[in-house]
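upload36.csv (CSV, C-alpha atoms and all ligand atoms)
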```csv
chain,number,residue,atom,x,y,z
A,1,MET,CA,5.2,-37.7,-11.4
A,2,THR,CA,5.7,-33.9,-11.8
A,3,THR,CA,9.1,-32.6,-10.9
A,4,ARG,CA,10.5,-29.0,-10.9
A,5,GLU,CA,12.1,-29.8,-14.3
A,6,SER,CA,9.0,-31.4,-15.9
A,7,ALA,CA,6.9,-28.4,-14.7
A,8,GLY,CA,8.9,-26.3,-17.1
A,9,ARG,CA,7.8,-28.2,-20.3
A,10,ASP,CA,7.0,-26.2,-23.4
A,11,THR,CA,3.8,-28.1,-24.4
A,12,ILE,CA,0.9,-29.5,-22.5
A,13,THR,CA,-1.9,-31.9,-23.5
A,14,VAL,CA,-5.6,-31.8,-22.9
A,15,ASP,CA,-6.4,-35.0,-24.8
A,16,HIS,CA,-7.7,-36.7,-21.6
A,17,LEU,CA,-10.1,-33.9,-20.7
A,18,PRO,CA,-13.7,-33.2,-21.8
A,19,PRO,CA,-13.8,-30.4,-24.4
A,20,GLU,CA,-16.5,-28.4,-22.5
A,21,LEU,CA,-14.1,-28.2,-19.5
A,22,THR,CA,-11.1,-27.0,-21.5
A,23,ARG,CA,-13.3,-24.4,-23.3
A,24,ALA,CA,-14.6,-23.1,-20.0
A,25,LEU,CA,-11.0,-22.9,-18.6
A,26,TYR,CA,-9.9,-21.0,-21.7
A,27,ARG,CA,-12.8,-18.6,-21.5
A,28,ASP,CA,-12.1,-17.7,-17.9
A,29,MET,CA,-8.3,-17.5,-18.3
A,30,ARG,CA,-8.7,-15.3,-21.3
A,31,THR,CA,-11.2,-13.0,-19.5
A,32,ALA,CA,-8.9,-12.8,-16.4
A,33,ARG,CA,-5.9,-11.9,-18.6
A,34,ASP,CA,-7.8,-9.0,-20.2
A,35,LEU,CA,-9.2,-7.9,-16.9
A,36,ASP,CA,-5.7,-8.0,-15.4
A,37,THR,CA,-4.4,-5.7,-18.2
A,38,GLU,CA,-7.4,-3.3,-17.6
A,39,ALA,CA,-6.6,-3.3,-13.8
A,40,ILE,CA,-3.0,-2.3,-14.4
A,41,ALA,CA,-4.2,0.5,-16.6
A,42,LEU,CA,-6.7,1.6,-13.9
A,43,GLN,CA,-3.8,1.8,-11.5
A,44,ARG,CA,-1.8,3.9,-13.9
A,45,GLN,CA,-4.8,6.2,-14.3
A,46,GLY,CA,-5.0,6.7,-10.5
A,47,VAL,CA,-8.3,4.8,-10.2
A,48,PHE,CA,-6.6,2.0,-8.1
A,49,PRO,CA,-4.0,3.1,-5.5
A,50,ALA,CA,-2.2,-0.2,-6.2
A,51,TYR,CA,-2.8,-3.6,-7.9
A,52,VAL,CA,-1.2,-7.0,-7.9
A,53,SER,CA,-1.1,-8.8,-11.2
A,54,VAL,CA,-2.1,-12.4,-11.8
A,55,ARG,CA,-0.5,-12.6,-15.2
A,56,GLY,CA,1.1,-16.0,-15.8
A,57,GLN,CA,-0.9,-17.6,-12.9
A,58,GLU,CA,-4.3,-17.8,-14.7
A,59,ALA,CA,-4.1,-21.6,-15.1
A,60,ALA,CA,-3.2,-22.2,-11.5
A,61,GLN,CA,-6.1,-20.0,-10.3
A,62,VAL,CA,-8.9,-20.7,-12.8
A,63,ALA,CA,-8.3,-24.4,-13.0
A,64,SER,CA,-8.2,-24.8,-9.2
A,65,ALA,CA,-11.2,-22.6,-8.4
A,66,SER,CA,-13.3,-24.3,-11.1
A,67,ALA,CA,-12.7,-27.7,-9.4
A,68,LEU,CA,-14.9,-26.5,-6.4
A,69,ASP,CA,-18.6,-26.3,-5.9
A,70,PRO,CA,-19.5,-22.6,-5.2
A,71,THR,CA,-22.8,-23.7,-3.5
A,72,ARG,CA,-21.0,-25.9,-0.9
A,73,ASP,CA,-17.3,-25.0,-0.7
A,74,PHE,CA,-15.5,-21.8,0.6
A,75,VAL,CA,-12.4,-20.1,-0.8
A,76,PHE,CA,-9.9,-18.2,1.3
A,77,PRO,CA,-7.8,-16.1,-1.1
A,78,THR,CA,-4.8,-13.8,-0.6
A,79,TYR,CA,-4.6,-10.5,-2.5
A,80,ARG,CA,-3.7,-12.1,-5.9
A,81,GLU,CA,-6.6,-14.3,-6.7
A,82,MET,CA,-8.6,-12.3,-9.2
A,83,ALA,CA,-8.7,-15.1,-11.8
A,84,SER,CA,-9.9,-17.5,-9.1
A,85,ALA,CA,-12.7,-15.2,-8.1
A,86,LEU,CA,-13.8,-14.8,-11.7
A,87,ALA,CA,-13.8,-18.6,-12.3
A,88,TYR,CA,-15.7,-19.2,-9.1
A,89,GLY,CA,-18.5,-16.9,-10.2
A,90,VAL,CA,-17.9,-13.9,-7.9
A,91,GLU,CA,-19.6,-10.7,-9.0
A,92,MET,CA,-16.5,-9.0,-10.4
A,93,VAL,CA,-17.4,-5.4,-10.4
A,94,GLY,CA,-17.9,-5.6,-6.6
A,95,TYR,CA,-14.8,-7.7,-6.2
A,96,MET,CA,-12.5,-5.4,-8.1
A,97,ALA,CA,-13.9,-2.4,-6.2
A,98,THR,CA,-11.7,-3.6,-3.3
A,99,HIS,CA,-8.7,-2.3,-5.3
A,100,ARG,CA,-10.3,1.1,-5.4
A,101,ALA,CA,-10.1,1.1,-1.6
A,102,LEU,CA,-13.7,2.3,-1.4
A,103,TRP,CA,-14.5,-0.2,1.3
A,104,HIS,CA,-12.2,-2.8,2.9
A,105,GLY,CA,-14.0,-5.9,1.7
A,106,GLY,CA,-15.0,-4.8,-1.7
A,107,LEU,CA,-18.6,-4.3,-2.7
A,108,TYR,CA,-19.6,-7.9,-3.1
A,109,ASP,CA,-21.3,-10.3,-0.7
A,110,VAL,CA,-18.5,-12.5,0.8
A,111,MET,CA,-20.8,-14.9,2.5
A,112,ALA,CA,-23.2,-15.4,-0.5
A,113,SER,CA,-20.2,-15.8,-2.9
A,114,ARG,CA,-18.4,-18.2,-0.5
A,115,PHE,CA,-15.2,-16.4,-1.5
A,116,GLY,CA,-13.3,-14.5,1.2
A,117,ALA,CA,-12.3,-10.9,1.0
A,118,ILE,CA,-8.9,-9.9,-0.3
A,119,ASN,CA,-6.4,-10.5,2.6
A,120,ALA,CA,-3.0,-8.8,2.6
A,121,VAL,CA,-1.8,-10.7,5.7
A,122,VAL,CA,0.7,-13.2,4.2
A,123,GLY,CA,-0.4,-16.6,5.4
A,124,GLY,CA,-3.3,-15.1,7.4
A,125,PRO,CA,-6.3,-16.7,5.5
A,126,VAL,CA,-4.8,-20.3,5.8
A,127,PRO,CA,-5.8,-20.9,9.5
A,128,HIS,CA,-9.2,-19.3,8.7
A,129,ALA,CA,-9.8,-22.0,6.1
A,130,VAL,CA,-9.0,-24.7,8.6
A,131,GLY,CA,-11.3,-23.1,11.2
A,132,TRP,CA,-14.1,-22.9,8.6
A,133,ALA,CA,-13.5,-26.5,7.6
A,134,VAL,CA,-13.7,-27.9,11.1
A,135,GLY,CA,-16.9,-25.9,11.7
A,136,GLU,CA,-18.3,-27.3,8.5
A,137,ARG,CA,-17.8,-30.9,9.8
A,138,LEU,CA,-19.3,-29.9,13.2
A,139,ARG,CA,-22.3,-28.7,11.4
A,140,GLY,CA,-22.5,-32.1,9.6
A,141,ASP,CA,-22.1,-30.5,6.1
A,142,ASP,CA,-19.7,-31.7,3.4
A,143,GLY,CA,-18.2,-28.4,2.2
A,144,VAL,CA,-14.5,-28.2,1.5
A,145,ALA,CA,-12.3,-25.1,2.2
A,146,LEU,CA,-9.6,-24.1,-0.3
A,147,ALA,CA,-6.8,-21.9,1.0
A,148,TYR,CA,-4.6,-20.1,-1.4
A,149,PHE,CA,-1.1,-19.0,-0.4
A,150,GLY,CA,2.3,-18.3,-1.9
A,151,ASP,CA,5.7,-19.7,-1.5
A,152,GLY,CA,6.6,-16.8,0.8
A,153,ALA,CA,3.6,-17.5,3.0
A,154,SER,CA,4.7,-21.1,3.3
A,155,SER,CA,7.5,-19.9,5.6
A,156,GLU,CA,4.9,-18.3,8.0
A,157,GLY,CA,4.1,-20.0,11.3
A,158,ASP,CA,0.4,-19.5,10.6
A,159,VAL,CA,0.7,-21.9,7.6
A,160,HIS,CA,2.5,-24.5,9.6
A,161,GLU,CA,0.0,-24.3,12.4
A,162,ALA,CA,-2.9,-24.5,10.0
A,163,MET,CA,-1.5,-27.6,8.2
A,164,ASN,CA,-0.6,-29.4,11.4
A,165,PHE,CA,-4.1,-28.8,12.9
A,166,ALA,CA,-5.8,-29.9,9.7
A,167,GLY,CA,-3.6,-33.0,9.5
A,168,VAL,CA,-4.2,-34.0,13.1
A,169,PHE,CA,-8.0,-33.4,12.9
A,170,GLY,CA,-8.5,-34.5,9.3
A,171,ALA,CA,-10.1,-31.2,8.3
A,172,PRO,CA,-11.6,-31.0,4.8
A,173,VAL,CA,-9.1,-28.5,3.4
A,174,VAL,CA,-7.2,-28.1,0.1
A,175,PHE,CA,-4.0,-26.2,0.8
A,176,PHE,CA,-3.2,-24.6,-2.6
A,177,CYS,CA,0.2,-23.1,-2.8
A,178,GLN,CA,0.9,-21.1,-5.9
A,179,ASN,CA,4.7,-21.3,-6.0
A,180,ASN,CA,5.4,-18.3,-8.3
A,181,GLN,CA,9.1,-18.6,-7.2
A,182,TRP,CA,9.3,-15.1,-5.8
A,183,ALA,CA,8.1,-13.7,-2.5
A,184,LEU,CA,8.5,-10.1,-3.4
A,185,SER,CA,12.3,-10.0,-3.7
A,186,VAL,CA,13.0,-13.3,-1.9
A,187,PRO,CA,13.6,-16.3,-4.2
A,188,ASN,CA,12.7,-20.0,-3.7
A,189,ASP,CA,16.1,-21.0,-2.5
A,190,ARG,CA,15.7,-18.7,0.5
A,191,GLN,CA,12.3,-20.2,1.3
A,192,ILE,CA,12.6,-24.0,0.7
A,193,ALA,CA,15.4,-26.2,2.1
A,194,GLY,CA,13.8,-29.6,1.5
A,195,GLY,CA,13.4,-29.5,-2.3
A,196,SER,CA,9.8,-28.5,-2.6
A,197,ILE,CA,6.9,-27.1,-0.5
A,198,SER,CA,4.7,-30.2,-1.4
A,199,ALA,CA,7.3,-32.5,0.3
A,200,ARG,CA,6.4,-30.9,3.6
A,201,ALA,CA,3.0,-32.6,3.5
A,202,ALA,CA,4.4,-35.9,4.7
A,203,GLY,CA,5.2,-34.3,8.1
A,204,TYR,CA,1.5,-33.2,8.4
A,205,GLY,CA,0.2,-36.7,7.4
A,206,MET,CA,-1.4,-35.6,4.2
A,207,PRO,CA,-0.7,-36.2,0.5
A,208,GLY,CA,1.6,-33.6,-1.1
A,209,VAL,CA,1.2,-33.0,-4.9
A,210,LEU,CA,3.5,-31.1,-7.1
A,211,VAL,CA,1.8,-29.9,-10.3
A,212,ASP,CA,2.8,-27.8,-13.3
A,213,GLY,CA,0.9,-24.6,-12.4
A,214,ASN,CA,0.9,-23.5,-16.0
A,215,ASP,CA,-0.9,-26.7,-17.2
A,216,ALA,CA,-4.6,-25.9,-16.6
A,217,GLY,CA,-5.7,-29.5,-17.2
A,218,ALA,CA,-3.1,-30.9,-14.7
A,219,VAL,CA,-4.1,-28.3,-12.0
A,220,HIS,CA,-7.8,-29.0,-12.5
A,221,GLN,CA,-7.2,-32.8,-12.2
A,222,ALA,CA,-5.1,-32.5,-9.0
A,223,THR,CA,-7.5,-30.1,-7.4
A,224,THR,CA,-10.6,-32.2,-8.3
A,225,GLU,CA,-8.9,-35.2,-6.6
A,226,ALA,CA,-8.0,-33.3,-3.5
A,227,VAL,CA,-11.5,-31.9,-3.2
A,228,ALA,CA,-13.1,-35.3,-3.6
A,229,ARG,CA,-10.8,-36.7,-1.0
A,230,ALA,CA,-11.7,-34.0,1.5
A,231,ARG,CA,-15.4,-34.4,0.8
A,232,ARG,CA,-15.2,-38.2,1.4
A,233,GLY,CA,-13.9,-37.3,4.9
A,234,GLU,CA,-10.3,-38.4,4.1
A,235,GLY,CA,-8.7,-35.1,5.2
A,236,PRO,CA,-6.5,-32.4,3.7
A,237,THR,CA,-4.2,-32.3,0.7
A,238,LEU,CA,-1.3,-29.9,0.0
A,239,ILE,CA,-1.0,-28.9,-3.7
A,240,GLU,CA,2.0,-27.0,-4.9
A,241,ALA,CA,1.4,-25.5,-8.3
A,242,LEU,CA,4.7,-24.5,-9.8
A,243,THR,CA,4.4,-21.3,-11.8
A,244,TYR,CA,6.1,-17.9,-12.1
A,245,ARG,CA,5.3,-14.3,-11.3
A,246,VAL,CA,6.1,-12.6,-14.6
A,247,GLU,CA,5.0,-9.1,-13.6
A,248,PRO,CA,6.4,-7.1,-10.7
A,249,HIS,CA,5.1,-8.1,-7.2
A,250,SER,CA,2.7,-5.2,-7.4
A,251,THR,CA,2.4,-1.9,-9.3
A,252,SER,CA,4.8,-0.4,-6.7
A,253,ASP,CA,7.6,-2.9,-7.3
A,254,ASP,CA,10.7,-2.9,-9.6
A,255,PRO,CA,11.8,-6.5,-10.0
A,256,GLY,CA,14.9,-5.4,-12.1
A,257,ARG,CA,16.5,-4.6,-8.7
A,258,TYR,CA,16.5,-8.2,-7.5
A,259,ARG,CA,16.1,-10.7,-10.3
A,260,ASP,CA,17.4,-11.6,-13.7
A,261,GLU,CA,14.7,-10.7,-16.1
A,262,THR,CA,15.9,-13.1,-18.8
A,263,GLU,CA,14.5,-15.8,-16.6
A,264,THR,CA,11.2,-13.9,-16.5
A,265,LEU,CA,11.2,-13.8,-20.3
A,266,ARG,CA,11.5,-17.6,-20.4
A,267,TRP,CA,8.4,-17.9,-18.2
A,268,ARG,CA,6.5,-15.3,-20.2
A,269,ASP,CA,7.0,-17.7,-23.1
A,270,ARG,CA,5.6,-20.6,-21.1
A,271,ASP,CA,2.3,-18.6,-21.0
A,272,PRO,CA,-0.4,-20.8,-19.6
A,273,LEU,CA,-3.0,-19.3,-22.0
A,274,ARG,CA,-0.9,-20.1,-25.1
A,275,LEU,CA,-0.2,-23.6,-23.8
A,276,LEU,CA,-3.9,-24.3,-23.3
A,277,ARG,CA,-4.9,-22.7,-26.6
A,278,GLU,CA,-2.3,-24.8,-28.6
A,279,ALA,CA,-3.3,-28.0,-26.7
A,280,MET,CA,-7.0,-27.4,-27.4
A,281,LEU,CA,-6.4,-26.9,-31.1
A,282,ALA,CA,-4.2,-30.1,-31.2
A,283,ALA,CA,-6.9,-32.1,-29.4
A,284,GLY,CA,-9.6,-30.8,-31.7
A,285,HIS,CA,-11.5,-29.2,-28.8
A,286,THR,CA,-11.9,-25.9,-30.7
A,287,ASP,CA,-10.8,-24.1,-33.8
A,288,GLU,CA,-9.4,-20.7,-34.6
A,289,ALA,CA,-12.8,-19.2,-35.5
A,290,ARG,CA,-14.4,-20.3,-32.1
A,291,LEU,CA,-11.3,-19.0,-30.3
A,292,ALA,CA,-11.6,-15.6,-31.9
A,293,GLU,CA,-15.2,-15.4,-30.8
A,294,VAL,CA,-14.3,-16.3,-27.2
A,295,ASP,CA,-11.4,-13.8,-27.3
A,296,ALA,CA,-13.8,-11.1,-28.4
A,297,GLN,CA,-16.4,-12.0,-25.7
A,298,ALA,CA,-13.7,-12.0,-23.0
A,299,ARG,CA,-12.6,-8.6,-24.1
A,300,ARG,CA,-16.1,-7.2,-23.9
A,301,GLU,CA,-16.5,-8.8,-20.4
A,302,ALA,CA,-13.3,-7.3,-19.1
A,303,GLU,CA,-14.3,-3.9,-20.4
A,304,ARG,CA,-17.7,-4.2,-18.8
A,305,ILE,CA,-16.1,-5.0,-15.4
A,306,ARG,CA,-13.5,-2.2,-15.9
A,307,ASP,CA,-16.2,0.4,-16.6
A,308,GLY,CA,-18.3,-0.8,-13.7
A,309,VAL,CA,-15.5,-0.6,-11.2
A,310,ALA,CA,-14.3,2.8,-12.5
A,311,THR,CA,-17.8,4.3,-12.1
A,312,ALA,CA,-19.0,2.4,-8.9
A,313,PRO,CA,-20.5,4.9,-6.4
A,314,GLU,CA,-18.7,5.3,-3.2
A,315,PRO,CA,-20.4,3.5,-0.3
A,316,ASP,CA,-21.9,5.5,2.5
A,317,GLY,CA,-19.1,6.3,5.0
A,318,SER,CA,-21.3,5.2,8.0
A,319,GLN,CA,-20.7,1.6,6.8
A,320,LEU,CA,-17.2,2.0,8.4
A,321,PHE,CA,-18.9,1.2,11.7
A,322,ALA,CA,-21.3,-1.4,10.5
A,323,HIS,CA,-19.3,-4.6,10.3
A,324,VAL,CA,-16.7,-4.3,13.1
A,325,TYR,CA,-18.7,-6.3,15.7
A,326,ARG,CA,-22.0,-8.2,15.5
A,327,GLU,CA,-23.2,-5.9,18.4
A,328,THR,CA,-21.5,-2.5,18.4
A,329,THR,CA,-19.6,-1.3,21.4
A,330,GLU,CA,-20.1,2.0,23.4
A,331,GLU,CA,-16.7,3.3,22.1
A,332,LEU,CA,-17.6,2.5,18.5
A,333,THR,CA,-21.0,4.2,18.9
A,334,ARG,CA,-19.2,7.3,20.3
A,335,GLN,CA,-16.8,7.3,17.3
A,336,HIS,CA,-19.8,6.9,14.9
A,337,ARG,CA,-21.5,9.9,16.5
A,338,THR,CA,-18.3,12.0,16.2
A,339,TRP,CA,-17.9,11.0,12.6
A,340,GLN,CA,-21.6,11.9,11.9
A,341,GLU,CA,-21.1,15.3,13.5
A,342,GLU,CA,-18.0,16.0,11.4
A,343,VAL,CA,-19.6,15.0,8.1
A,344,GLU,CA,-22.6,17.2,8.9
A,345,LEU,CA,-20.5,20.3,9.4
B,401,LIG,C1,2.3,-11.2,7.8
B,401,LIG,C2,2.9,-10.4,6.7
B,401,LIG,N1,4.3,-10.3,6.6
B,401,LIG,C3,4.8,-9.6,5.6
B,401,LIG,C4,4.1,-8.9,4.7
B,401,LIG,C5,4.7,-8.1,3.5
B,401,LIG,N2,4.6,-8.8,2.3
B,401,LIG,C6,3.6,-8.5,1.4
B,401,LIG,S1,3.6,-9.5,0.1
B,401,LIG,C7,4.9,-10.4,0.6
B,401,LIG,C8,5.5,-11.5,-0.2
B,401,LIG,C9,4.5,-12.7,-0.2
B,401,LIG,O1,5.0,-13.7,-1.1
B,401,LIG,P1,4.2,-15.0,-1.5
B,401,LIG,O2,3.5,-15.5,-0.3
B,401,LIG,O3,5.1,-15.9,-2.2
B,401,LIG,O4,3.0,-14.5,-2.4
B,401,LIG,P2,3.0,-13.7,-3.9
B,401,LIG,O5,3.0,-12.2,-3.5
B,401,LIG,O6,4.3,-14.1,-4.6
B,401,LIG,O7,1.8,-14.1,-4.6
B,401,LIG,C10,5.3,-9.9,1.8
B,401,LIG,C11,6.5,-10.4,2.6
B,401,LIG,C12,2.7,-9.0,4.8
B,401,LIG,N3,1.8,-8.4,3.9
B,401,LIG,N4,2.1,-9.8,5.8
```
Before anything else, please render the file you have as structure tokens.
Ligand SMILES: Cc1ncc(C[n+]2csc(CCOP(=O)(O)OP(=O)(O)O)c2C)c(N)n1
Amino acid sequence: MTTRESAGRDTITVDHLPPELTRALYRDMRTARDLDTEAIALQRQGVFPAYVSVRGQEAAQVASASALDPTRDFVFPTYREMASALAYGVEMVGYMATHRALWHGGLYDVMASRFGAINAVVGGPVPHAVGWAVGERLRGDDGVALAYFGDGASSEGDVHEAMNFAGVFGAPVVFFCQNNQWALSVPNDRQIAGGSISARAAGYGMPGVLVDGNDAGAVHQATTEAVARARRGEGPTLIEALTYRVEPHSTSDDPGRYRDETETLRWRDRDPLRLLREAMLAAGHTDEARLAEVDAQARREAERIRDGVATAPEPDGSQLFAHVYRETTEELTRQHRTWQEEVEL
């Protein structure tokens, strides 16, 4: 059983996993790491107004998203799930364009990707996931919703209501909490009174699983089991992946004002990418030469996405009015006309 202490181990093992799986996890985690670095640079260059780093959370994100079926399931992310999007197969130039604030939902097709738009309302996407999951069952389909949220979001009423509803109605949802130990400047001990977030699951009548969020194999296994359970019609699961936010909350934050950065250094050392790399070498899943090749490919892919985002054309401003309602209102039509007149001046 994973505990808060064992989730801080310095080595992991992948001996029990298929080598193709660990190689795919490594490739996506490596690409996400490089893309994250590029994204921070784009913010510094003024291309992105702001950015939220996923560094240190790549195992939690890539290994959970890759346990899903992108043709059947649906992901409800927050603002920090770039690595999940990448692993799920979302078109990343369009996804990252959201950070350029060109268009509120990015430039990718949310419905076709089955990966929701970036959502900055803390806890907000969690009830959406339950709604979608209940709808899926009413349609007679077997898709599973996965809702990402943070330790801070776990204190929101929305998350309680979503879990309670899902527990009572047996909705096919995986509640995936990335406990990165900080909700902006608020630490875990101001968020959790009962020892862990996963312990709350009992009150909702669902299994609660605490997993080392920096152990890609363990995250993948826990998520695969939760998805299978939901698909079999046995209801929701709450997974708490214990990890750490090693970067500032966002590019606008200064964590030195509220936390002891020597603890951050310890977690930087528990780098999920390094842990996976060492475990793969130890298990004979790869060798240094193959890893060097994957690293080079990941770098090229991150650069391709960066260049695509930086040069993406701005969408036509009239799209502002296109997706507000299925059928537009008189007021919106009036505003659209006014906007048109102003741009034509
Ligand atoms: C409903 C709501 N309340 C407050 C905020 C301001 N806010 C933005 S991020 C954040 C912290 C969220 O922490 P957590 O859920 O742990 O996620 P993390 O950012 O650590 O991934 C807060 C309070 C918000 N965006 N939405």
- Message: As an exercise, work out the distance from CA of Val134 (chain A) to atom O3 of ligand LIG 401 (chain B) in Å and give it to one decimal place.
- Response: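 Going from CA of Val134 (chain A) over to atom O3 of ligand LIG 401 (chain B) covers 26.0 Å.
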- Please measure the separation of CA of Ser6 (chain A) and CA of Asp212 (chain A), giving the value in Å to one decimal.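 Between these atoms lies a distance of 7.6 Å.
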- Message: When you count only C-alpha atoms, which of these residues is closest to Met163 (chain A): A:Asp260, A:Thr237, A:Ala222, A:Arg114?
- Response: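 Among the listed residues, A:Thr237 lies closest to Met163 (chain A).
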- Message: Neighbouring residues of Asp69 (chain A) were defined as those with any atom within 12 Å, considering all atoms listed in the file; residues of the same chain fewer than 5 positions away were excluded. Please report them as an NGL selection string.
- Response: :A and (64 or 74-75 or 87-89 or 113-115 or 142-146 or 223-224 or 227-228 or 231)
Residues just named, written with C-alpha atoms as an mmCIF file, in the coordinates of the input:
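Contents of part.cif, as written:
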```cif
data_model
loop_
_atom_site.group_PDB
_atom_site.id
_atom_site.type_symbol
_atom_site.label_atom_id
_atom_site.label_comp_id
_atom_site.auth_asym_id
_atom_site.auth_seq_id
_atom_site.Cartn_x
_atom_site.Cartn_y
_atom_site.Cartn_z
ATOM 1 C CA SER A 64 -8.200 -24.800 -9.200
ATOM 2 C CA PHE A 74 -15.500 -21.800 0.600
ATOM 3 C CA VAL A 75 -12.400 -20.100 -0.800
ATOM 4 C CA ALA A 87 -13.800 -18.600 -12.300
ATOM 5 C CA TYR A 88 -15.700 -19.200 -9.100
ATOM 6 C CA GLY A 89 -18.500 -16.900 -10.200
ATOM 7 C CA SER A 113 -20.200 -15.800 -2.900
ATOM 8 C CA ARG A 114 -18.400 -18.200 -0.500
ATOM 9 C CA PHE A 115 -15.200 -16.400 -1.500
ATOM 10 C CA ASP A 142 -19.700 -31.700 3.400
ATOM 11 C CA GLY A 143 -18.200 -28.400 2.200
ATOM 12 C CA VAL A 144 -14.500 -28.200 1.500
ATOM 13 C CA ALA A 145 -12.300 -25.100 2.200
ATOM 14 C CA LEU A 146 -9.600 -24.100 -0.300
ATOM 15 C CA THR A 223 -7.500 -30.100 -7.400
ATOM 16 C CA THR A 224 -10.600 -32.200 -8.300
ATOM 17 C CA VAL A 227 -11.500 -31.900 -3.200
ATOM 18 C CA ALA A 228 -13.100 -35.300 -3.600
ATOM 19 C CA ARG A 231 -15.400 -34.400 0.800
#
```
- Residue with smallest distance to Ala147 (chain A) - pool A:Gln181, A:Ser250, A:Thr78, A:Ser196, counting only C-alpha atoms: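 For Ala147 (chain A), the nearest of the candidates is A:Thr78.
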- For the atom pair CA of Ala133 (chain A) and atom C11 of ligand LIG 401 (chain B), what is the interatomic distance in Å to one decimal place? 26.2 Å
- Task: Find, counting only C-alpha atoms and all ligand atoms, the residue in A:Thr329, A:Asn119, A:Thr13, A:Gln45 that gets nearest to ligand LIG 401 (chain B).
- Result: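 Under the stated criterion, the closest residue is A:Asn119.
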- Message: As a quick test: using only C-alpha atoms and all ligand atoms, which residues lie no more than 10 Å away from ligand LIG 401 (chain B)? Give them as a PyMOL selection string.
- Response: chain A and resi 52-54+57+78-81+119-124+148-158+177-188+191+244-245+248-250
- Pick from A:Ala85, A:Val324, A:Leu238, A:Ala216: nearest to Ala279 (chain A), with only C-alpha atoms counted?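 Ranking A:Ala85, A:Val324, A:Leu238, A:Ala216 by distance to Ala279 (chain A), first place goes to A:Ala216.
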- Task: Considering only C-alpha atoms, state which residue in the set A:Glu263, A:Glu234, A:Glu288, A:Glu314 is at the smallest distance from Gly167 (chain A).
- Result: A:Glu234
- Pick from A:Leu138, A:Met96, A:Ala218, A:Ala302, whichever lies nearest to Val62 (chain A) using all atoms listed in the file: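 Among the listed residues, A:Ala218 lies closest to Val62 (chain A).
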- Item | Shell around Ile239 (chain A) at 7 Å using only C-alpha atoms, local window under 2 positions removed, as a PyMOL selection string | chain A and resi 175-177+198+208-210+237+241
- Take the point (-7.8, -27.2, -19.6) as written in the file and pick out every residue within 6 Å of it, counting all atoms listed in the file; give the list as a ChimeraX atom specification. /A:22,25,216-217
- Radius query 12 Å about (-1.8, -23.1, -18.3), atoms used: all atoms listed in the file, as a PyMOL selection string: chain A and resi 7-14+22+25-26+28-30+33+55-64+211-220+241-244+267-280
